[in-house]
Structure formats: C-alpha cells, structure tokens
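S.K.: Could you have a look at this structure, given as structure tokens, before my questions?
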Amino acid sequence: MKCSQCGTEMTIELTDVPAGWKQYDLLIRGVRTHVCKACGHEVLEPQDARMAQELSRALSEMTEKPEILDVSQVADLLRVSIQTVYNQVKAGKLPAVKIGREWRFTRSAVMQVLANAADASLNIAREAATTVYGPPEDAADAGTRPSVTEPTDPTA
Ligand SMILES: [Zn+2]
C-alpha cells in the first residue's frame, strides 16, 4: 500500500501501539503496521486500530465510572440513542429521577435493568430451544394409540 501523505510505497513493521488513558501508559506490542520510510506516516490495519480504540475506551470506562448518569451517558452506556433512553423512561422500564428539568440515573440501577433483561432473554432462549429441539408432544405413544381412521364398511 502507498502512503496517503507522500505516495511512497509503505513497508510493514511490527510496532508498539499506544492505547493508554490519562496517567495510564498502555502499549500494545508487535502490531503489524504500514510504515512510510519517507515521511514517517504509520497506518494500522482496521481491526488493529479498532482493537487499540476499544482497549483505550475500556481503560477510560474502568477508571471513570460516575455513579450518577445523565441521559446521554446512559445512552452511551447502553449503546442506544438518547431518544430510546427517554422512551424507556416514559415506559417505566428505566428507573430515573427528575431533578428540575433533567433526568438522572444511577449506574447500578441501569446495570440492574440490563442484567434482568439479559436473564429474561436467556429464559426465552431456553424455552425456544426446548420447543424446537424437544421431543414432539405425543411422539412417545403415537405407535400404541389405536387407529381411528380404520375404514368402516357402510354395507355391513
Ligand atoms: Zn509518506
């Protein structure tokens, strides 16, 4: 691949990619990187760039966990839109407190809702699995049941 900055053909090297957060220094070593010898431009493979980003985000979430959240933080936590959060609050599915004109949430309550929902979906999945893979309801005695479709002779 050619350098997007200067057009020189890039070489692949193993480099250390920083994924730290604030005071934490985190280096991912041995990442395959396209390096431009001419201008020093470096490009990661998309999946490696994503991995570094995810690690960095995980570190930031581990070190900064406010207990009180606003709507946008809950949306971020649940990976949904802000509108979805409002809808869930209105539907009574997310416990929230209105302070003035603003909704506030506790992290533990939001996580509890998520855990309960996950449990519920697991039960649904289990029931579905039983229905799909379980034996048919009357398969066991189907062979011993007397036949009701035996033709009768109307002239007898
Ligand atoms: Zn270059």
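Just so we're on the same page: first chain in the structure tokens is A, next is B, and so on; residues restart at 1 for each chain, and ligands are numbered from 1 in the order they show up.
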Can you tell me which residues come within 9 Å of ligand 1 when counting only C-alpha atoms and all ligand atoms, ideally as number ranges by chain?
M.R.: A: 2-10, 35-42
S.K.: Could you give me, as a PyMOL selection string, the residues within 12 Å of Met51 (chain A), counting only C-alpha atoms and dropping anything in the same chain fewer than 4 positions from it?
M.R.: chain A and resi 17-19+28+31+44-47+55-58
S.K.: Please give the complete set of residues from region 12-61 of chain A that DSSP, run on the backbone, assigns to strand (DSSP E), formatted as a list in words.
M.R.: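 Here is the list: Ile12, Glu13, Leu14, Thr15, Asp16, Val17, Pro18, Leu27, Ile28, Arg29, Gly30, Val31, Arg32, Thr33, His34, Val35, Glu42, Val43 and Leu44 of chain A.
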S.K.: Pick from A:Gln23, A:Ala49, A:Ser81, A:Tyr86: nearest to Lys98 (chain A), with only C-alpha atoms counted?
M.R.: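 Nearest to Lys98 (chain A): A:Tyr86.
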S.K.: Would you mind telling me which residue in A:Lys90, A:Val43, A:Val97, A:Asp48 lies nearest to Leu69 (chain A) when using only C-alpha atoms?
M.R.: A:Val97
S.K.: Of the candidates A:Arg107, A:Arg126, A:Arg29, A:Arg79, which one gets nearest to Glu67 (chain A) if we count only C-alpha atoms?
M.R.: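 Checking each candidate against Glu67 (chain A), we get A:Arg107 as the closest.
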S.K.: Ile12 (chain A): which residues within 8 Å, counting only C-alpha atoms, same-chain residues fewer than 6 positions away excluded, as JSON, numbers by chain?
M.R.: {"A": [32, 33, 34, 35]}
S.K.: Mind checking which residues fall within 7 Å of Pro95 (chain A), counting only C-alpha atoms, ignoring those fewer than 4 positions away in the same chain, and posting them as a ChimeraX atom specification?
M.R.: /A:89,105,109
S.K.: Write down as an MDAnalysis selection string the residues belonging to region 33-62 of chain A that are assigned alpha helix (DSSP H) by DSSP computed on the backbone.
M.R.: chainID A and resid 46:62
S.K.: Report, in Å to a single decimal, how far apart CA of Ala125 (chain A) and CA of Glu54 (chain A) are.
M.R.: 28.9 Å
S.K.: Between A:Thr15, A:Ala52, A:Trp103, A:Val113, which residue has the minimum interatomic distance to Ser72 (chain A), considering only C-alpha atoms?
M.R.: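 Of all the options, A:Trp103 lies closest to Ser72 (chain A).
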S.K.: Separation of CA of Gln73 (chain A) and CA of Ser121 (chain A), in Å?
M.R.: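 CA of Ser121 (chain A) lies at a distance of 24.2 Å from CA of Gln73 (chain A).
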